[in-house]
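Participant: Just so it is clear, I am handing over upload_0.txt, which has compact mmCIF, C-alpha atoms.
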# COMPACT_ATOMS: atom_id res chain seq x y z
CA MET N 27 61.14 18.98 75.00
CA SER N 28 61.71 15.35 74.14
CA SER N 29 64.92 13.52 74.93
CA ASN N 30 65.24 12.62 71.24
CA TYR N 31 65.29 16.28 70.27
CA LYS N 32 67.88 17.05 72.96
CA ASN N 33 70.04 14.19 71.68
CA PHE N 34 69.90 15.54 68.14
CA LEU N 35 70.77 19.05 69.32
CA ARG N 36 73.77 17.70 71.24
CA LEU N 37 74.86 15.80 68.15
CA LEU N 38 74.61 18.92 65.98
CA GLU N 39 76.87 20.86 68.37
CA ASN N 40 79.74 18.67 67.13
CA TRP N 41 78.72 19.03 63.48
CA PRO N 42 79.82 22.47 62.24
CA LEU N 43 78.18 24.44 59.46
CA GLU N 44 80.21 25.12 56.31
CA SER N 45 79.67 28.75 55.34
CA SER N 46 81.26 28.13 51.94
CA LYS N 47 78.64 25.51 51.00
CA ILE N 48 75.44 27.51 51.18
CA GLY N 49 72.63 25.34 49.85
CA ARG N 50 74.93 22.29 49.66
CA ASP N 51 75.88 21.81 53.32
CA LEU N 52 75.00 18.43 54.81
CA SER N 53 74.96 19.88 58.31
CA GLN N 54 72.39 22.51 57.34
CA HIS N 55 70.27 19.89 55.58
CA ILE N 56 70.26 17.71 58.70
CA ARG N 57 69.29 20.71 60.85
CA ASP N 58 66.42 21.50 58.50
CA GLN N 59 65.18 17.90 58.56
CA ILE N 60 65.29 17.81 62.36
CA LYS N 61 63.25 21.02 62.51
CA ILE N 62 60.66 19.46 60.20
CA ALA N 63 60.57 16.17 62.12
CA PHE N 64 60.12 17.82 65.50
CA ALA N 65 57.90 20.70 64.36
CA LYS N 66 54.81 19.11 65.89
CA GLY N 67 56.55 18.11 69.09
CA ASP N 68 57.67 14.65 70.07
CA ILE N 69 58.07 11.78 67.61
CA PRO N 70 55.16 9.29 67.74
CA GLN N 71 55.99 5.93 69.35
CA ALA N 72 55.54 4.18 65.97
CA ASN N 73 58.49 6.16 64.54
CA GLN N 74 60.66 5.91 67.65
CA ASP N 75 62.78 3.02 66.32
CA GLN N 76 63.41 4.80 63.03
CA CYS N 77 64.33 7.99 64.91
CA ASN N 78 66.84 6.03 67.02
CA ARG N 79 68.37 4.45 63.88
CA TYR N 80 68.79 7.89 62.28
CA TYR N 81 70.40 9.21 65.43
CA GLU N 82 72.86 6.30 65.64
CA SER N 83 73.74 6.65 61.94
CA LEU N 84 74.35 10.39 62.24
CA THR N 85 76.46 9.80 65.34
CA ARG N 86 78.65 7.32 63.46
CA LEU N 87 79.06 9.85 60.64
CA SER N 88 79.88 12.74 62.98
CA ILE N 89 82.65 10.83 64.77
CA ASN N 90 83.94 9.39 61.48
CA LYS N 91 83.71 5.87 62.91
CA TYR N 92 84.46 3.96 59.73
CA GLY N 93 86.95 6.49 58.40
CA ASN N 94 88.97 6.00 61.57
CA ARG N 95 88.51 2.23 61.61
CA TYR N 96 89.53 1.71 57.98
CA LYS N 97 92.39 4.13 57.42
CA ARG N 98 93.30 4.93 53.82
CA LYS N 99 96.77 3.94 52.71
CA THR N 100 97.08 6.79 50.23
CA ASP N 101 95.76 10.33 50.03
CA SER N 102 94.94 10.11 46.34
CA THR N 103 91.46 10.32 44.93
CA ALA N 104 89.86 8.98 41.78
CA THR N 105 90.54 12.33 40.15
CA GLY N 106 94.15 12.45 41.34
CA LEU N 107 93.44 15.66 43.29
CA THR N 108 94.38 16.22 46.92
CA HIS N 109 91.83 16.91 49.65
CA ASP N 110 92.54 20.65 49.50
CA GLN N 111 92.23 20.71 45.70
CA CYS N 112 88.87 18.92 45.91
CA ASN N 113 87.64 21.46 48.48
CA LEU N 114 88.76 24.29 46.21
CA ALA N 115 86.98 22.70 43.25
CA LEU N 116 83.72 22.65 45.23
CA THR N 117 83.71 26.32 46.20
CA PRO N 118 80.77 28.36 44.90
CA GLU N 119 83.11 30.57 42.87
CA PHE N 120 84.67 27.62 41.06
CA LEU N 121 81.29 25.99 40.41
CA GLU N 122 79.96 29.29 39.04
CA ALA N 123 82.98 29.63 36.73
CA LEU N 124 82.51 26.04 35.62
CA HIS N 125 78.85 26.69 34.90
CA GLU N 126 79.82 29.79 32.91
CA ASP N 127 82.23 27.76 30.78
CA GLU N 128 79.48 25.22 29.97
CA ALA N 129 77.17 27.93 28.66
CA THR N 130 76.58 28.12 24.95
CA TYR N 131 77.67 31.14 22.97
CA PHE N 132 74.06 32.38 22.80
CA GLN N 133 73.64 32.00 26.58
CA LYS N 134 76.80 34.02 27.24
CA ILE N 135 75.58 36.84 24.98
CA LYS N 136 72.14 36.72 26.60
CA ARG N 137 73.72 37.03 30.08
CA LYS N 138 75.76 40.04 29.02
CA VAL N 139 72.72 41.77 27.55
CA PHE N 140 69.98 40.80 30.02
CA GLY N 141 71.99 39.73 33.09
CA PRO N 142 72.14 36.29 34.74
CA GLU N 143 68.97 34.23 35.10
CA LYS N 144 68.22 31.42 37.53
CA ASN N 145 67.08 29.00 34.82
CA ASP N 146 70.12 29.59 32.63
Would it be possible to restate this file's structure as structure tokens?

Facilitator:
Amino acid sequence: MSSNYKNFLRLLENWPLESSKIGRDLSQHIRDQIKIAFAKGDIPQANQDQCNRYYESLTRLSINKYGNRYKRKTDSTATGLTHDQCNLALTPEFLEALHEDEATYFQKIKRKVFGPEKND
């Protein structure tokens, strides 16, 4: 097993999965991309520098380097919502309810008669 792969695995130990963000979790996406990148074994020497840059960037994100360096003076957001309210607004249940509200009258009737569709 390559040292690069071991480094990425160690990095992912500190990056938890969000069970509430199925299909939208950055941590899961990174894990999937690492599996794809290392599927054939070690990274070729030509891509070694790029692999190191990705690792360093992900490390800075995981330790919140710039968030800690440049502290925010207020907890407000552009929407005026708090951190907890933003998290609540991004739950699958809320997004599903929001999608339901955007449906046209015909789409709502169609769902009640035929059930929900993926392309709706």

Participant: I need the residue nearest Lys47 (chain N) from this list: N:Ala123, N:Leu35, N:Val139, N:Leu116. Use only C-alpha atoms for the distance.

Facilitator: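 Answer, going by the shortest atom-to-atom distance: N:Leu116.
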
Participant: Env of Ser53 (chain N): 9 Å cut, atoms = only C-alpha atoms, seq-sep filter 2 positions within chain, self excluded. Answer as a ChimeraX atom specification.

Facilitator: /N:38,41-44,50-51,55-58

Participant: So the first atom is CA of Thr117 (chain N) and the second is CA of Ser46 (chain N); what is the distance between them in Å, to one decimal place?

Facilitator: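 Taking CA of Thr117 (chain N) as the start and CA of Ser46 (chain N) as the end point, the length is 6.5 Å.
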
Participant: What does the structure give for the distance between CA of Glu39 (chain N) and CA of Ser83 (chain N), in Å to one decimal?

Facilitator: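 According to the coordinates, CA of Glu39 (chain N) and CA of Ser83 (chain N) are separated by 15.9 Å.
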
Participant: Between CA of Leu52 (chain N) and CA of Lys97 (chain N), what is the spacing in Å?

Facilitator: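 Answer for the CA of Lys97 (chain N) to CA of Leu52 (chain N) separation: 22.7 Å.
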